[in-house]
Amino acid sequence: MDHRNTLRGLFPFDSAYLPEIADVWVESWQRTMPSIDFETRRAWLVDHLIAAEDAGQTIRCALVETGEIAGFVLIDTSTCYLDQIVVGSPWWGKGIAEALLDEARRLAPGRIELDVNQDNPRAVAFYMRNGFQVIAEGVNAKSGLATLKLEWRPAAQAADPS
Ligand SMILES: CC(C)(COP(=O)(O)OP(=O)(O)OC[C@H]1O[C@@H](n2cnc3c(N)ncnc32)[C@H](O)[C@@H]1OP(=O)(O)O)[C@@H](O)C(=O)NCCC(=O)NCCS
């Protein structure tokens with residue numbers, strides 16, 4: 001069995017994980033948007049995660065059987081806003097992103113909202129496959145890139161026109 005790809009579980013954030021989380025984030029985003037240098041944004045991510053944790057937002061890290069961190073999710077359960085979901089490219093397509101999203105849905109069972117770059121077809125396909133719907137188009141204030149605002153609601157609620 002390839003333990004590298006077997007999810008051990010989802011664990012609460014620990015600052016000891018920060019360097020590895022940042023490695024996964026830089027690698028995954030660099031692969032997704034090669035024209036941007038994500039290494040220069042590493043310090044921003046570290047500060048952002050620490051501030052989110054201090055503000056009571058929820059971070060869950062996906063550990064695989066080898067002990068490596070394969071990805072993480074950051075959700076603000078007070079606003080139901082999914083701020084980050086990232087999986088390292090060696091683990092793409094292996095259900096780890098889905099496990100992180102399931103955890104976000106468990107934490108925010110009524111609704112999840114997020115923004116995604118329109119030019120990120122892999123993420124858009126992932127969200128559509130998982131029941132998200134486009135509720136608005138927008139522009140990222142920092143990058144100027146076109147975005148989609150997506151929303152997920154549980155099936156019964158989504159089908160209710162009221
Ligand atoms: C977004 C992310 C978490 C999804 O995890 P994943 O394991 O790659 O997702 P999956 O493989 O389950 O789903 C991706 C889907 O995109 C599809 N896909 C891949 N490249 C594609 C492309 N160029 N165009 C359209 N669809 C594409 C895959 O076929 C797959 O769909 P399928 O399973 O129905 O065939 C992960 O890719 C990631 O961390 N990306 C970088 C960070 C990021 O973009 N985060 C989200 C920001 S809002």
# chains A, B, ... in the order shown; residues from 1 in each chain; ligands from 1

call {"tool": "residues_near_ligand", "arguments": {"ligand": "ligand 1", "cutoff": "7 Å", "atoms": "only C-alpha atoms and all ligand atoms", "output": "JSON, numbers by chain"}}
result
{"A": [28, 29, 32, 84, 85, 86, 87, 88, 89, 91, 92, 93, 94, 95, 96, 97, 98, 114, 115, 116, 117, 120, 121, 122, 123, 125, 126, 129]}

call {"tool": "write_last_selection", "arguments": {"atoms": "C-alpha atoms", "output": "PDB file, in the first residue's frame"}}
result
ATOM      1  CA  SER A  28       0.434  24.076  -4.759  1.00  0.00           C
ATOM      2  CA  TRP A  29      -0.216  27.686  -5.729  1.00  0.00           C
ATOM      3  CA  THR A  32      -1.558  26.463 -10.187  1.00  0.00           C
ATOM      4  CA  GLN A  84      -8.295  28.756   2.051  1.00  0.00           C
ATOM      5  CA  ILE A  85      -8.341  25.191   0.809  1.00  0.00           C
ATOM      6  CA  VAL A  86      -5.061  23.873  -0.498  1.00  0.00           C
ATOM      7  CA  VAL A  87      -3.692  20.430  -1.263  1.00  0.00           C
ATOM      8  CA  GLY A  88      -0.101  19.809  -2.376  1.00  0.00           C
ATOM      9  CA  SER A  89       0.060  18.706  -6.002  1.00  0.00           C
ATOM     10  CA  TRP A  91      -1.974  14.606  -3.505  1.00  0.00           C
ATOM     11  CA  TRP A  92      -4.253  16.165  -6.104  1.00  0.00           C
ATOM     12  CA  GLY A  93      -7.035  13.876  -7.293  1.00  0.00           C
ATOM     13  CA  LYS A  94      -6.796  11.587  -4.247  1.00  0.00           C
ATOM     14  CA  GLY A  95      -9.840  12.689  -2.258  1.00  0.00           C
ATOM     15  CA  ILE A  96      -7.894  14.745   0.277  1.00  0.00           C
ATOM     16  CA  ALA A  97      -9.423  18.037  -0.892  1.00  0.00           C
ATOM     17  CA  GLU A  98     -12.839  16.413  -0.584  1.00  0.00           C
ATOM     18  CA  LEU A 114     -15.893  31.478  -1.191  1.00  0.00           C
ATOM     19  CA  ASP A 115     -14.171  33.338  -4.016  1.00  0.00           C
ATOM     20  CA  VAL A 116     -12.189  31.576  -6.733  1.00  0.00           C
ATOM     21  CA  ASN A 117     -10.203  32.918  -9.667  1.00  0.00           C
ATOM     22  CA  ASN A 120      -8.330  28.367 -11.895  1.00  0.00           C
ATOM     23  CA  PRO A 121     -10.209  25.641 -13.774  1.00  0.00           C
ATOM     24  CA  ARG A 122      -9.089  22.824 -11.490  1.00  0.00           C
ATOM     25  CA  ALA A 123     -10.517  24.525  -8.396  1.00  0.00           C
ATOM     26  CA  ALA A 125     -14.269  22.016 -11.428  1.00  0.00           C
ATOM     27  CA  PHE A 126     -13.629  20.716  -7.895  1.00  0.00           C
ATOM     28  CA  ARG A 129     -18.452  18.676  -8.624  1.00  0.00           C
TER      29      ARG A 129
END

call {"tool": "residues_around", "arguments": {"residues": "Ala16 of chain A", "least_positions_apart": "2", "cutoff": "12 Å", "atoms": "only C-alpha atoms", "output": "tab-separated table (two decimals) with N, CA, C and O atoms, in the first residue's frame"}}
result
chain	number	residue	atom	x	y	z
A	12	PRO	N	-6.44	19.63	14.15
A	12	PRO	CA	-6.47	21.07	14.37
A	12	PRO	C	-5.09	21.68	14.10
A	12	PRO	O	-4.06	21.02	14.25
A	13	PHE	N	-5.11	22.94	13.75
A	13	PHE	CA	-3.87	23.68	13.50
A	13	PHE	C	-2.98	23.68	14.72
A	13	PHE	O	-3.45	23.78	15.86
A	14	ASP	N	-1.68	23.56	14.46
A	14	ASP	CA	-0.68	23.71	15.50
A	14	ASP	C	0.44	24.55	14.87
A	14	ASP	O	0.82	24.29	13.72
A	18	LEU	N	3.38	25.11	10.91
A	18	LEU	CA	3.39	26.25	10.00
A	18	LEU	C	4.40	26.14	8.84
A	18	LEU	O	4.02	26.39	7.69
A	19	PRO	N	5.66	25.76	9.12
A	19	PRO	CA	6.61	25.69	7.99
A	19	PRO	C	6.14	24.71	6.91
A	19	PRO	O	6.22	25.01	5.72
A	20	GLU	N	5.61	23.56	7.35
A	20	GLU	CA	5.19	22.56	6.37
A	20	GLU	C	3.92	23.00	5.63
A	20	GLU	O	3.77	22.79	4.43
A	21	ILE	N	3.00	23.63	6.38
A	21	ILE	CA	1.80	24.16	5.74
A	21	ILE	C	2.19	25.18	4.67
A	21	ILE	O	1.65	25.19	3.56
A	22	ALA	N	3.13	26.05	5.03
A	22	ALA	CA	3.55	27.09	4.08
A	22	ALA	C	4.21	26.46	2.85
A	22	ALA	O	3.98	26.91	1.72
A	46	VAL	N	1.86	32.97	6.53
A	46	VAL	CA	2.14	32.62	7.93
A	46	VAL	C	1.42	33.61	8.85
A	46	VAL	O	0.71	33.21	9.79
A	50	ILE	N	-1.80	32.76	11.43
A	50	ILE	CA	-1.69	33.05	12.87
A	50	ILE	C	-2.81	34.01	13.28
A	50	ILE	O	-3.49	33.80	14.31
A	61	CYS	N	-5.79	20.53	9.31
A	61	CYS	CA	-4.69	20.07	8.48
A	61	CYS	C	-4.89	18.60	8.15
A	61	CYS	O	-5.24	17.80	9.03
A	69	ILE	N	2.09	16.65	5.91
A	69	ILE	CA	0.86	17.43	5.74
A	69	ILE	C	0.59	17.54	4.25
A	69	ILE	O	1.43	18.01	3.48

call {"tool": "residues_around", "arguments": {"residues": "Asp102 of chain A", "least_positions_apart": "5", "cutoff": "12 Å", "atoms": "only C-alpha atoms", "output": "compact mmCIF listing (two decimals) with N, CA and C atoms, in the first residue's frame"}}
result
# COMPACT_ATOMS: atom_id res chain seq x y z
N LEU A 10 -7.69 14.39 9.86
CA LEU A 10 -7.66 15.86 9.87
C LEU A 10 -7.41 16.32 11.29
N ARG A 60 -7.95 23.25 9.70
CA ARG A 60 -7.77 21.80 9.83
C ARG A 60 -6.69 21.36 8.84
N ALA A 62 -4.64 18.24 6.90
CA ALA A 62 -4.76 16.84 6.47
C ALA A 62 -3.39 16.18 6.56
N VAL A 73 -7.41 23.43 5.34
CA VAL A 73 -8.55 24.28 5.04
C VAL A 73 -8.68 25.31 6.15
N ILE A 75 -11.55 28.03 7.52
CA ILE A 75 -12.92 28.53 7.39
C ILE A 75 -13.27 29.39 8.60
N ILE A 85 -8.40 26.66 0.85
CA ILE A 85 -8.34 25.19 0.81
C ILE A 85 -7.23 24.86 -0.18
N GLY A 95 -8.75 12.63 -3.24
CA GLY A 95 -9.84 12.69 -2.26
C GLY A 95 -9.50 13.48 -1.02
N ILE A 96 -8.28 14.01 -0.93
CA ILE A 96 -7.89 14.74 0.28
C ILE A 96 -8.59 16.10 0.32
N ALA A 97 -8.70 16.76 -0.85
CA ALA A 97 -9.42 18.04 -0.89
C ALA A 97 -10.88 17.82 -0.48
N LEU A 107 -18.35 21.82 9.76
CA LEU A 107 -18.18 22.98 10.64
C LEU A 107 -19.16 24.10 10.30
N ALA A 108 -19.56 24.18 9.04
CA ALA A 108 -20.50 25.23 8.59
C ALA A 108 -21.59 24.56 7.77
N PRO A 109 -22.47 23.80 8.46
CA PRO A 109 -23.41 22.94 7.73
C PRO A 109 -24.51 23.67 6.99
N ILE A 112 -21.74 27.62 2.81
CA ILE A 112 -20.34 28.02 2.66
C ILE A 112 -20.24 28.95 1.47
N TYR A 127 -15.06 22.54 -7.12
CA TYR A 127 -16.21 23.09 -6.39
C TYR A 127 -17.53 22.71 -7.06
N ASN A 130 -18.64 19.41 -6.32
CA ASN A 130 -19.06 19.29 -4.92
C ASN A 130 -20.27 20.16 -4.57
N GLY A 131 -21.03 20.53 -5.59
CA GLY A 131 -22.34 21.13 -5.34
C GLY A 131 -22.37 22.64 -5.14
N TRP A 152 -22.20 27.12 -1.43
CA TRP A 152 -22.74 25.75 -1.23
C TRP A 152 -23.79 25.81 -0.12
N PRO A 154 -26.73 22.95 1.80
CA PRO A 154 -27.16 21.55 1.80
C PRO A 154 -28.30 21.35 0.81

call {"tool": "closest_residue", "arguments": {"among": "A:Cys80, A:Leu63, A:Ile36, A:Leu148", "to": "Gly110 of chain A", "atoms": "only C-alpha atoms"}}
result
A:Cys80

call {"tool": "atom_distance", "arguments": {"atom1": "atom CA of Asp37 of chain A", "atom2": "atom CA of Trp25 of chain A"}}
result
12.0 Å

call {"tool": "closest_residue", "arguments": {"among": "A:Arg106, A:Asp47, A:Leu82, A:Leu150", "to": "Gly138 of chain A", "atoms": "only C-alpha atoms"}}
result
A:Leu150

call {"tool": "decode", "arguments": {"residues": "segment 106-119 of chain A", "atoms": "N, CA and C atoms", "output": "short mmCIF file (atom, residue, chain, number, x, y, z; two decimals), in the first residue's frame"}}
result
data_model
loop_
_atom_site.label_atom_id
_atom_site.label_comp_id
_atom_site.auth_asym_id
_atom_site.auth_seq_id
_atom_site.Cartn_x
_atom_site.Cartn_y
_atom_site.Cartn_z
N ARG A 106 -18.99 20.20 7.64
CA ARG A 106 -19.40 19.76 8.99
C ARG A 106 -19.35 20.96 9.94
N LEU A 107 -18.35 21.82 9.76
CA LEU A 107 -18.18 22.98 10.64
C LEU A 107 -19.16 24.10 10.30
N ALA A 108 -19.56 24.18 9.04
CA ALA A 108 -20.50 25.23 8.59
C ALA A 108 -21.59 24.56 7.77
N PRO A 109 -22.47 23.80 8.46
CA PRO A 109 -23.41 22.94 7.73
C PRO A 109 -24.51 23.67 6.99
N GLY A 110 -24.74 24.95 7.30
CA GLY A 110 -25.85 25.66 6.67
C GLY A 110 -25.51 26.31 5.35
N ARG A 111 -24.21 26.66 5.18
CA ARG A 111 -23.85 27.43 3.99
C ARG A 111 -22.34 27.64 3.98
N ILE A 112 -21.74 27.62 2.81
CA ILE A 112 -20.34 28.02 2.66
C ILE A 112 -20.24 28.95 1.47
N GLU A 113 -19.46 30.01 1.66
CA GLU A 113 -19.22 30.96 0.56
C GLU A 113 -17.72 31.08 0.34
N LEU A 114 -17.32 31.30 -0.90
CA LEU A 114 -15.89 31.48 -1.19
C LEU A 114 -15.74 32.22 -2.50
N ASP A 115 -14.53 32.71 -2.74
CA ASP A 115 -14.17 33.34 -4.02
C ASP A 115 -13.09 32.50 -4.68
N VAL A 116 -13.18 32.35 -5.99
CA VAL A 116 -12.19 31.58 -6.73
C VAL A 116 -11.85 32.34 -8.01
N ASN A 117 -10.58 32.30 -8.40
CA ASN A 117 -10.20 32.92 -9.67
C ASN A 117 -10.88 32.18 -10.81
N GLN A 118 -11.43 32.93 -11.75
CA GLN A 118 -12.05 32.28 -12.91
C GLN A 118 -11.01 31.48 -13.69
N ASP A 119 -9.76 31.93 -13.63
CA ASP A 119 -8.69 31.27 -14.36
C ASP A 119 -8.03 30.18 -13.49
#
